[in-house]
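Novice: Would you mind keeping the following structure in view while I ask a few things?
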Amino acid sequence: MNDTSGHPTPVAACPKTMAYGPCGGVRPDGGCEVDPAFPCPFVTSPLRSWAGARRPGPPVAAATPTVVTDLHVQPRSTGSLQAVTATLRGSCDAVLVGDHGGARNDFPPSHMALLLRDAGVGAWVTLSCRDRNRVALAAELAALADVGVVGVHCVTGDWQGLAGASGERKVFDLECLYLIDQARSAGLLVSVAGTPAAPPVELRPRRLAEKVAAGAQVCFVNHCGGPGPVRRYIEAAHEAGAAVPFIACVAVTGDRGSLTSLARLPGIVLDQAAEREAQSDASGTVDVAVAAAARMLDVEGVAGVNLSGAASSASYGASAAIMAAVGARLLGRSVA
Ligand code: SF4
């Protein structure tokens, strides 16, 4: 059934009230990210095609960065951001700013973009539909365009469990495909997440193609087990019509804490290299991550890598130092 604008009606039983599911949080057995006992209804349904305006081709407005590094800073701390960016500057083409909810709720994405612009670091900013209605999302997009970011990473957002505990009402007014459409209309370079390892695995390449139809220009390939699964996903995505540059996630997990934090994210499967890194010292961590990234960059269709994870759970400074060393090695640069 469709609504009056031609879009399919949201699935009321989905906690995120998605119309174009499934989200990337489906559990390995097909259970819902939010309630494991509830089977995600999108897993057994035909994939819904994007019913809005379809964008011709994937016009990428800027050269795709080779190295995009996850930004790990103390939430809502300008001082922490300044210290970390001083370490990362020059070691990557952009930093990927997460949009965390719950206990790690940070400054708004547009404010992070402003701080990063002032710090002289390219910002690729995640904007999640979680906890923002369409009015708030439109304001964030306008602000990101005004500040000038490398790209905006449009996601529906994972479920964060503070509802009830803190009394706030959960909001999933829009979902990823609508946000992509609006971000393109705002003139931004738009990336999305590909989640090859999340059920229904066979539908994930087509799900990406629908995001591309809505306007996505770059795909960040989430952790799915290493270069082999990434290559198979890209081939299937091309067959489905998603001809975009791919930036593949590479885990940088220098200790057990950073490995555990990354592994608990929904819908991902880590490369075995991440396990080796977690048992290394800092220099071994850098070597393992550089080697894993180099293998990923050899995969046809992979235009860049996203250095993903906290690198070290010791401190934000230790994490940034490892990330900077990995990025600099990959770019053939020295970092001050
Ligand atoms: S897994 Fe995601 S898409 Fe599926 S029902 Fe749960 S929240 Fe909705």
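Naming scheme: A, B, ... for chains in displayed order of the structure tokens; residues 1 onward per chain; ligands 1 onward as shown.
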Hey, what does DSSP flag as helix (DSSP H, G or I) within region 136-318 of chain A? Can you give it to me as JSON, numbers by chain?

Specialist: {"A": [136, 137, 138, 139, 140, 141, 142, 143, 144, 145, 146, 147, 176, 177, 178, 179, 180, 181, 182, 183, 184, 185, 201, 202, 203, 204, 205, 206, 207, 208, 209, 210, 211, 212, 213, 214, 227, 228, 229, 230, 231, 232, 233, 234, 235, 236, 237, 238, 239, 240, 256, 257, 258, 259, 260, 261, 262, 263, 272, 273, 274, 275, 276, 277, 282, 283, 284, 285, 286, 287, 288, 289, 290, 291, 292, 293, 294, 295, 296, 297, 316, 317, 318]}

Novice: Could you report the residues within 12 Å of ligand 1, using only C-alpha atoms and all ligand atoms, as a ChimeraX atom specification?

Specialist: /A:10-45,47,130,156-160,172,175-176,198-200,266-267

Novice: CA of Leu144 (chain A) and CA of Pro109 (chain A), how far apart in Å?

Specialist: 7.8 Å

Novice: If I take CA of Tyr178 (chain A) and CA of Gly52 (chain A), how far is one from the other in Å, to one decimal?

Specialist: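 These two atoms are separated by 8.4 Å.
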
Novice: Which value, in Å to one decimal, gives the distance between CA of Pro108 (chain A) and CA of Gly120 (chain A)?

Specialist: 18.7 Å

Novice: Can you tell me which residues surround Ala236 (chain A) at a distance of at most 10 Å, considering only C-alpha atoms, apart from same-chain residues fewer than 4 positions away, and format the answer as a PyMOL selection string?

Specialist: chain A and resi 202-206+230-232+240-242

Novice: Once you have the residues from the selection above, write them out as an mmCIF file, in the first residue's frame, restricted to all heavy atoms.

Specialist:
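Printed below is out.cif as written:
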```
data_model
loop_
_atom_site.group_PDB
_atom_site.id
_atom_site.type_symbol
_atom_site.label_atom_id
_atom_site.label_comp_id
_atom_site.auth_asym_id
_atom_site.auth_seq_id
_atom_site.Cartn_x
_atom_site.Cartn_y
_atom_site.Cartn_z
ATOM 1 N N GLU A 202 21.130 -11.487 0.722
ATOM 2 C CA GLU A 202 20.971 -11.494 -0.733
ATOM 3 C C GLU A 202 20.294 -10.229 -1.244
ATOM 4 O O GLU A 202 20.408 -9.896 -2.421
ATOM 5 C CB GLU A 202 20.200 -12.746 -1.194
ATOM 6 C CG GLU A 202 18.756 -12.837 -0.770
ATOM 7 C CD GLU A 202 18.554 -13.172 0.720
ATOM 8 O OE1 GLU A 202 19.549 -13.414 1.437
ATOM 9 O OE2 GLU A 202 17.399 -13.164 1.166
ATOM 10 N N LEU A 203 19.601 -9.512 -0.373
ATOM 11 C CA LEU A 203 18.911 -8.285 -0.804
ATOM 12 C C LEU A 203 19.746 -7.028 -0.587
ATOM 13 O O LEU A 203 19.383 -5.948 -1.060
ATOM 14 C CB LEU A 203 17.579 -8.128 -0.052
ATOM 15 C CG LEU A 203 16.433 -9.027 -0.476
ATOM 16 C CD1 LEU A 203 15.153 -8.617 0.252
ATOM 17 C CD2 LEU A 203 16.203 -8.962 -1.984
ATOM 18 N N ARG A 204 20.859 -7.127 0.133
ATOM 19 C CA ARG A 204 21.618 -5.924 0.491
ATOM 20 C C ARG A 204 22.156 -5.158 -0.728
ATOM 21 O O ARG A 204 22.118 -3.932 -0.736
ATOM 22 C CB ARG A 204 22.744 -6.282 1.465
ATOM 23 C CG ARG A 204 22.230 -6.683 2.856
ATOM 24 C CD ARG A 204 21.572 -5.521 3.572
ATOM 25 N NE ARG A 204 20.879 -5.944 4.795
ATOM 26 C CZ ARG A 204 20.160 -5.108 5.550
ATOM 27 N NH1 ARG A 204 20.047 -3.831 5.217
ATOM 28 N NH2 ARG A 204 19.528 -5.550 6.608
ATOM 29 N N PRO A 205 22.664 -5.836 -1.763
ATOM 30 C CA PRO A 205 23.111 -5.057 -2.928
ATOM 31 C C PRO A 205 21.965 -4.273 -3.578
ATOM 32 O O PRO A 205 22.150 -3.118 -3.995
ATOM 33 C CB PRO A 205 23.669 -6.130 -3.869
ATOM 34 C CG PRO A 205 24.081 -7.244 -2.956
ATOM 35 C CD PRO A 205 23.031 -7.260 -1.881
ATOM 36 N N ARG A 206 20.797 -4.878 -3.651
ATOM 37 C CA ARG A 206 19.651 -4.148 -4.230
ATOM 38 C C ARG A 206 19.187 -3.032 -3.317
ATOM 39 O O ARG A 206 18.715 -1.990 -3.764
ATOM 40 C CB ARG A 206 18.502 -5.123 -4.520
ATOM 41 C CG ARG A 206 18.717 -5.916 -5.812
ATOM 42 C CD ARG A 206 17.494 -6.713 -6.175
ATOM 43 N NE ARG A 206 16.266 -5.932 -6.104
ATOM 44 C CZ ARG A 206 15.092 -6.406 -5.659
ATOM 45 N NH1 ARG A 206 15.005 -7.651 -5.251
ATOM 46 N NH2 ARG A 206 14.039 -5.629 -5.632
ATOM 47 N N VAL A 230 33.838 -8.187 0.756
ATOM 48 C CA VAL A 230 33.659 -6.837 0.195
ATOM 49 C C VAL A 230 33.632 -6.916 -1.332
ATOM 50 O O VAL A 230 32.792 -6.293 -1.992
ATOM 51 C CB VAL A 230 34.782 -5.889 0.678
ATOM 52 C CG1 VAL A 230 34.764 -4.582 -0.113
ATOM 53 C CG2 VAL A 230 34.623 -5.606 2.169
ATOM 54 N N ARG A 231 34.551 -7.694 -1.891
ATOM 55 C CA ARG A 231 34.592 -7.822 -3.351
ATOM 56 C C ARG A 231 33.281 -8.411 -3.873
ATOM 57 O O ARG A 231 32.700 -7.903 -4.836
ATOM 58 C CB ARG A 231 35.776 -8.708 -3.761
ATOM 59 C CG ARG A 231 35.855 -8.956 -5.268
ATOM 60 C CD ARG A 231 37.103 -9.739 -5.666
ATOM 61 N NE ARG A 231 37.362 -10.885 -4.817
ATOM 62 C CZ ARG A 231 36.672 -12.027 -4.842
ATOM 63 N NH1 ARG A 231 35.682 -12.180 -5.707
ATOM 64 N NH2 ARG A 231 36.964 -13.007 -4.014
ATOM 65 N N ARG A 232 32.778 -9.447 -3.214
ATOM 66 C CA ARG A 232 31.531 -10.065 -3.687
ATOM 67 C C ARG A 232 30.361 -9.079 -3.573
ATOM 68 O O ARG A 232 29.497 -9.020 -4.445
ATOM 69 C CB ARG A 232 31.244 -11.347 -2.883
ATOM 70 C CG ARG A 232 32.208 -12.475 -3.213
ATOM 71 C CD ARG A 232 31.742 -13.809 -2.645
ATOM 72 N NE ARG A 232 31.910 -13.904 -1.203
ATOM 73 C CZ ARG A 232 33.066 -14.214 -0.601
ATOM 74 N NH1 ARG A 232 34.151 -14.438 -1.317
ATOM 75 N NH2 ARG A 232 33.142 -14.296 0.723
ATOM 76 N N ALA A 240 23.401 -4.904 -9.537
ATOM 77 C CA ALA A 240 22.089 -4.349 -9.156
ATOM 78 C C ALA A 240 21.921 -2.906 -9.618
ATOM 79 O O ALA A 240 20.840 -2.332 -9.461
ATOM 80 C CB ALA A 240 21.928 -4.431 -7.633
ATOM 81 N N GLY A 241 23.002 -2.328 -10.160
ATOM 82 C CA GLY A 241 22.894 -0.971 -10.688
ATOM 83 C C GLY A 241 23.485 0.106 -9.802
ATOM 84 O O GLY A 241 23.330 1.296 -10.083
ATOM 85 N N ALA A 242 24.173 -0.277 -8.740
ATOM 86 C CA ALA A 242 24.759 0.701 -7.821
ATOM 87 C C ALA A 242 26.212 0.961 -8.215
ATOM 88 O O ALA A 242 27.134 0.383 -7.654
ATOM 89 C CB ALA A 242 24.676 0.205 -6.384
#
```

Novice: Env of Tyr316 (chain A): 8 Å cut, atoms = only C-alpha atoms, seq-sep filter 2 positions within chain, self excluded. Answer as a list in words.

Specialist: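 In the requested format, the answer is His72, Val73, Gln74, Ser80, Val84, Ser312, Ser313, Ala314, Ala318, Ser319 and Ala320 of chain A.
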
Novice: Could those selected residues go to a file with all heavy atoms, as a JSON list (two decimals), in the first residue's frame?

Specialist:
```
[["chain", "number", "residue", "atom", "x", "y", "z"],
["A", 72, "HIS", "N", 37.31, 10.02, 17.11],
["A", 72, "HIS", "CA", 36.97, 9.60, 18.47],
["A", 72, "HIS", "C", 37.37, 10.70, 19.44],
["A", 72, "HIS", "O", 38.57, 10.94, 19.64],
["A", 72, "HIS", "CB", 37.67, 8.29, 18.84],
["A", 72, "HIS", "CG", 37.02, 7.10, 18.24],
["A", 72, "HIS", "ND1", 35.89, 6.52, 18.77],
["A", 72, "HIS", "CD2", 37.29, 6.43, 17.11],
["A", 72, "HIS", "CE1", 35.51, 5.52, 18.00],
["A", 72, "HIS", "NE2", 36.34, 5.45, 16.99],
["A", 73, "VAL", "N", 36.40, 11.37, 19.99],
["A", 73, "VAL", "CA", 36.65, 12.47, 20.92],
["A", 73, "VAL", "C", 35.70, 12.37, 22.10],
["A", 73, "VAL", "O", 34.65, 11.70, 22.02],
["A", 73, "VAL", "CB", 36.47, 13.85, 20.23],
["A", 73, "VAL", "CG1", 37.53, 14.07, 19.16],
["A", 73, "VAL", "CG2", 35.08, 13.99, 19.63],
["A", 74, "GLN", "N", 36.07, 13.05, 23.16],
["A", 74, "GLN", "CA", 35.17, 13.15, 24.31],
["A", 74, "GLN", "C", 33.91, 13.89, 23.87],
["A", 74, "GLN", "O", 34.01, 14.99, 23.33],
["A", 74, "GLN", "CB", 35.88, 13.93, 25.42],
["A", 74, "GLN", "CG", 35.06, 14.23, 26.64],
["A", 74, "GLN", "CD", 34.90, 13.00, 27.52],
["A", 74, "GLN", "OE1", 35.85, 12.25, 27.71],
["A", 74, "GLN", "NE2", 33.71, 12.82, 28.04],
["A", 80, "SER", "N", 38.87, 18.39, 23.74],
["A", 80, "SER", "CA", 39.22, 17.06, 23.26],
["A", 80, "SER", "C", 39.27, 17.05, 21.74],
["A", 80, "SER", "O", 40.20, 16.48, 21.14],
["A", 80, "SER", "CB", 38.18, 16.04, 23.76],
["A", 80, "SER", "OG", 38.39, 14.78, 23.19],
["A", 84, "VAL", "N", 42.62, 16.08, 19.53],
["A", 84, "VAL", "CA", 42.61, 14.94, 18.61],
["A", 84, "VAL", "C", 42.86, 15.39, 17.17],
["A", 84, "VAL", "O", 43.64, 14.77, 16.44],
["A", 84, "VAL", "CB", 41.27, 14.18, 18.73],
["A", 84, "VAL", "CG1", 41.06, 13.23, 17.56],
["A", 84, "VAL", "CG2", 41.22, 13.41, 20.05],
["A", 312, "SER", "N", 42.47, 2.46, 20.27],
["A", 312, "SER", "CA", 42.94, 2.20, 21.63],
["A", 312, "SER", "C", 41.87, 2.63, 22.61],
["A", 312, "SER", "O", 41.23, 3.67, 22.41],
["A", 312, "SER", "CB", 44.23, 2.98, 21.90],
["A", 312, "SER", "OG", 44.53, 2.96, 23.29],
["A", 313, "SER", "N", 41.68, 1.86, 23.64],
["A", 313, "SER", "CA", 40.73, 2.27, 24.67],
["A", 313, "SER", "C", 41.43, 2.99, 25.82],
["A", 313, "SER", "O", 40.82, 3.34, 26.82],
["A", 313, "SER", "CB", 39.95, 1.05, 25.19],
["A", 313, "SER", "OG", 40.85, 0.08, 25.69],
["A", 314, "ALA", "N", 42.76, 3.21, 25.69],
["A", 314, "ALA", "CA", 43.52, 3.84, 26.77],
["A", 314, "ALA", "C", 43.13, 5.31, 26.93],
["A", 314, "ALA", "O", 42.94, 5.80, 28.05],
["A", 314, "ALA", "CB", 45.01, 3.71, 26.50],
["A", 318, "ALA", "N", 45.76, 8.49, 22.69],
["A", 318, "ALA", "CA", 46.42, 7.26, 22.22],
["A", 318, "ALA", "C", 45.73, 6.73, 20.98],
["A", 318, "ALA", "O", 46.38, 6.28, 20.03],
["A", 318, "ALA", "CB", 46.40, 6.20, 23.33],
["A", 319, "SER", "N", 44.41, 6.82, 20.96],
["A", 319, "SER", "CA", 43.64, 6.39, 19.79],
["A", 319, "SER", "C", 44.03, 7.22, 18.57],
["A", 319, "SER", "O", 44.30, 6.68, 17.49],
["A", 319, "SER", "CB", 42.15, 6.53, 20.09],
["A", 319, "SER", "OG", 41.39, 6.39, 18.92],
["A", 320, "ALA", "N", 44.07, 8.54, 18.74],
["A", 320, "ALA", "CA", 44.38, 9.42, 17.61],
["A", 320, "ALA", "C", 45.79, 9.18, 17.09],
["A", 320, "ALA", "O", 46.03, 9.22, 15.87],
["A", 320, "ALA", "CB", 44.20, 10.87, 18.03]]
```

Novice: Under the rule that only C-alpha atoms are counted, which of A:Gly317, A:Gly101, A:Gly6, A:Pro196 is the nearest residue to Thr87 (chain A)?

Specialist: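 Result for the nearest residue to Thr87 (chain A): A:Gly317.
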
Novice: May I have all residues of region 85-168 of chain A that DSSP, computed from the backbone, assigns to strand (DSSP E or B), given as a list of chain:residue names?

Specialist: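 Selecting the strand (DSSP E or B) positions of region 85-168 of chain A gives A:Ala94, A:Val95, A:Leu96, A:Val97, A:Ala123, A:Trp124, A:Val125, A:Thr126, A:Leu127, A:Ser128, A:Gly151, A:Val152, A:His153, A:Cys154, A:Val155.
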
Novice: Closest to Arg295 (chain A) among A:Ser308, A:Ala51, A:Gln217, A:Gly228, using only C-alpha atoms?

Specialist: A:Gly228

Novice: As JSON, numbers by chain, please: the residues near Asp99 (chain A) (cut-off 10 Å, only C-alpha atoms, same-chain neighbours under 2 positions excluded).

Specialist: {"A": [96, 97, 101, 104, 105, 106, 107, 108, 109, 112, 125, 126, 127, 128, 129, 130, 153, 155, 157, 158]}

Novice: The selected residues should be written to file as a compact mmCIF listing (two decimals), in the first residue's frame (atoms: all heavy atoms).

Specialist:
```
# COMPACT_ATOMS: atom_id res chain seq x y z
N LEU A 96 35.57 10.98 9.68
CA LEU A 96 34.16 10.61 9.69
C LEU A 96 33.62 10.87 11.09
O LEU A 96 34.07 10.25 12.07
CB LEU A 96 33.97 9.14 9.32
CG LEU A 96 32.52 8.65 9.25
CD1 LEU A 96 31.75 9.37 8.14
CD2 LEU A 96 32.47 7.14 9.02
N VAL A 97 32.68 11.78 11.17
CA VAL A 97 32.09 12.16 12.46
C VAL A 97 30.88 11.26 12.70
O VAL A 97 29.95 11.25 11.89
CB VAL A 97 31.65 13.63 12.45
CG1 VAL A 97 31.11 14.04 13.82
CG2 VAL A 97 32.81 14.54 12.04
N GLY A 101 23.93 8.42 19.65
CA GLY A 101 22.87 8.80 20.57
C GLY A 101 23.20 8.29 21.96
O GLY A 101 24.35 7.96 22.27
N ARG A 104 26.51 8.64 24.57
CA ARG A 104 27.59 9.33 23.86
C ARG A 104 27.06 10.49 23.02
O ARG A 104 27.72 10.93 22.09
CB ARG A 104 28.36 8.34 22.99
CG ARG A 104 29.19 7.35 23.80
CD ARG A 104 29.93 6.40 22.90
NE ARG A 104 30.87 7.08 22.03
CZ ARG A 104 31.30 6.59 20.87
NH1 ARG A 104 30.85 5.43 20.44
NH2 ARG A 104 32.16 7.24 20.13
N ASN A 105 25.90 10.97 23.35
CA ASN A 105 25.30 12.05 22.57
C ASN A 105 26.22 13.27 22.56
O ASN A 105 26.59 13.80 23.59
CB ASN A 105 23.94 12.41 23.20
CG ASN A 105 23.05 13.13 22.23
OD1 ASN A 105 23.42 13.30 21.07
ND2 ASN A 105 21.90 13.55 22.68
N ASP A 106 26.56 13.73 21.36
CA ASP A 106 27.59 14.75 21.20
C ASP A 106 26.95 16.08 20.80
O ASP A 106 25.72 16.22 20.76
CB ASP A 106 28.59 14.27 20.13
CG ASP A 106 29.97 14.86 20.34
OD1 ASP A 106 30.07 15.92 20.98
OD2 ASP A 106 30.95 14.27 19.85
N PHE A 107 27.79 17.04 20.43
CA PHE A 107 27.29 18.26 19.83
C PHE A 107 26.47 17.90 18.58
O PHE A 107 26.71 16.85 17.96
CB PHE A 107 28.45 19.15 19.39
CG PHE A 107 29.24 19.79 20.49
CD1 PHE A 107 30.63 19.73 20.48
CD2 PHE A 107 28.61 20.48 21.52
CE1 PHE A 107 31.38 20.33 21.48
CE2 PHE A 107 29.36 21.09 22.52
CZ PHE A 107 30.74 21.01 22.50
N PRO A 108 25.57 18.76 18.12
CA PRO A 108 24.86 18.50 16.86
C PRO A 108 25.85 18.38 15.70
O PRO A 108 26.92 19.00 15.72
CB PRO A 108 23.97 19.72 16.69
CG PRO A 108 23.83 20.31 18.05
CD PRO A 108 25.12 20.00 18.77
N PRO A 109 25.51 17.60 14.66
CA PRO A 109 26.44 17.40 13.55
C PRO A 109 26.94 18.71 12.93
O PRO A 109 28.13 18.82 12.59
CB PRO A 109 25.60 16.60 12.54
CG PRO A 109 24.64 15.85 13.41
CD PRO A 109 24.31 16.76 14.54
N MET A 112 29.68 20.15 15.04
CA MET A 112 30.92 19.40 14.86
C MET A 112 31.61 19.83 13.56
O MET A 112 32.83 19.98 13.49
CB MET A 112 30.63 17.90 14.82
CG MET A 112 30.13 17.32 16.13
SD MET A 112 31.35 17.40 17.45
CE MET A 112 32.41 16.02 17.02
N VAL A 125 30.38 14.06 7.69
CA VAL A 125 29.56 14.10 8.90
C VAL A 125 28.37 13.16 8.78
O VAL A 125 27.59 13.23 7.83
CB VAL A 125 29.06 15.54 9.15
CG1 VAL A 125 28.20 15.60 10.41
CG2 VAL A 125 30.24 16.49 9.30
N THR A 126 28.23 12.29 9.76
CA THR A 126 27.07 11.40 9.80
C THR A 126 25.85 12.17 10.30
O THR A 126 25.93 12.91 11.30
CB THR A 126 27.33 10.22 10.75
OG1 THR A 126 28.52 9.54 10.33
CG2 THR A 126 26.16 9.25 10.75
N LEU A 127 24.76 12.01 9.58
CA LEU A 127 23.49 12.58 10.04
C LEU A 127 22.49 11.43 10.13
O LEU A 127 22.19 10.76 9.14
CB LEU A 127 22.99 13.66 9.08
CG LEU A 127 21.70 14.36 9.51
CD1 LEU A 127 21.84 15.04 10.86
CD2 LEU A 127 21.27 15.39 8.45
N SER A 128 22.00 11.21 11.34
CA SER A 128 21.09 10.10 11.60
C SER A 128 19.67 10.63 11.77
O SER A 128 19.46 11.73 12.30
CB SER A 128 21.55 9.41 12.89
OG SER A 128 20.49 8.71 13.48
N CYS A 129 18.71 9.83 11.32
CA CYS A 129 17.30 10.19 11.52
C CYS A 129 16.86 9.98 12.97
O CYS A 129 15.77 10.42 13.34
CB CYS A 129 16.40 9.36 10.60
SG CYS A 129 16.74 9.58 8.85
N ARG A 130 17.70 9.32 13.75
CA ARG A 130 17.33 9.03 15.13
C ARG A 130 17.21 10.33 15.94
O ARG A 130 18.08 11.19 15.90
CB ARG A 130 18.41 8.14 15.77
CG ARG A 130 18.12 7.77 17.19
CD ARG A 130 19.37 7.44 18.00
NE ARG A 130 20.40 6.70 17.31
CZ ARG A 130 21.57 7.25 16.96
NH1 ARG A 130 21.85 8.50 17.21
NH2 ARG A 130 22.47 6.51 16.35
N HIS A 153 26.97 11.70 5.62
CA HIS A 153 26.72 10.25 5.64
C HIS A 153 25.31 10.05 6.20
O HIS A 153 25.07 10.27 7.40
CB HIS A 153 27.78 9.59 6.52
CG HIS A 153 27.78 8.10 6.45
ND1 HIS A 153 27.92 7.38 5.28
CD2 HIS A 153 27.66 7.16 7.44
CE1 HIS A 153 27.89 6.09 5.54
NE2 HIS A 153 27.73 5.93 6.83
N VAL A 155 22.10 8.13 7.39
CA VAL A 155 21.69 6.84 7.94
C VAL A 155 20.36 6.98 8.67
O VAL A 155 20.03 8.06 9.17
CB VAL A 155 22.75 6.26 8.91
CG1 VAL A 155 24.07 6.01 8.20
CG2 VAL A 155 22.97 7.18 10.10
N GLY A 157 19.88 5.25 11.40
CA GLY A 157 20.38 5.31 12.78
C GLY A 157 20.04 4.05 13.55
O GLY A 157 18.96 3.47 13.38
N ASP A 158 21.00 3.63 14.37
CA ASP A 158 20.72 2.47 15.21
C ASP A 158 19.87 2.91 16.40
O ASP A 158 19.68 4.08 16.65
CB ASP A 158 22.02 1.77 15.66
CG ASP A 158 22.93 2.68 16.46
OD1 ASP A 158 22.68 3.90 16.48
OD2 ASP A 158 23.89 2.19 17.07
```

Novice: Please provide as a PDB file with C-alpha atoms, in the first residue's frame all residues within 12 Å of Asp281 (chain A), with the sequence filter that same-chain residues fewer than 2 positions apart are discarded (counting only C-alpha atoms).

Specialist:
```
ATOM      1  CA  THR A 253      41.437  -2.128  17.133  1.00  0.00           C
ATOM      2  CA  GLY A 254      44.640  -2.078  19.119  1.00  0.00           C
ATOM      3  CA  ASP A 255      43.344  -3.645  22.300  1.00  0.00           C
ATOM      4  CA  ARG A 256      40.571  -5.792  23.656  1.00  0.00           C
ATOM      5  CA  ARG A 276      45.438  -9.996  15.696  1.00  0.00           C
ATOM      6  CA  GLU A 277      45.585  -6.245  16.137  1.00  0.00           C
ATOM      7  CA  ALA A 278      43.928  -6.474  19.520  1.00  0.00           C
ATOM      8  CA  GLN A 279      46.849  -8.552  20.770  1.00  0.00           C
ATOM      9  CA  SER A 283      53.444  -0.393  16.438  1.00  0.00           C
ATOM     10  CA  GLY A 284      52.080  -3.879  15.707  1.00  0.00           C
ATOM     11  CA  THR A 285      48.581  -2.424  15.592  1.00  0.00           C
ATOM     12  CA  VAL A 286      49.678   0.069  12.954  1.00  0.00           C
ATOM     13  CA  ASP A 287      51.365  -2.640  10.884  1.00  0.00           C
ATOM     14  CA  VAL A 288      48.319  -4.928  10.969  1.00  0.00           C
ATOM     15  CA  ALA A 311      42.251   2.054  17.884  1.00  0.00           C
ATOM     16  CA  SER A 312      42.943   2.199  21.633  1.00  0.00           C
ATOM     17  CA  ALA A 318      46.420   7.258  22.223  1.00  0.00           C
ATOM     18  CA  ILE A 322      47.524   5.179  16.204  1.00  0.00           C
TER      19      ILE A 322
END
```

Novice: Taking into account only C-alpha atoms, which residue in the set A:Leu71, A:Leu137, A:Cys224, A:Val212 is nearest to Val121 (chain A)?

Specialist: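 Smallest distance to Val121 (chain A) is found for A:Leu71.
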
Novice: Measuring between only C-alpha atoms, which one of A:Ala83, A:Ala142, A:Val252, A:Val135 shows the shortest distance to Leu116 (chain A)?

Specialist: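 The closest residue to Leu116 (chain A) is A:Ala83.
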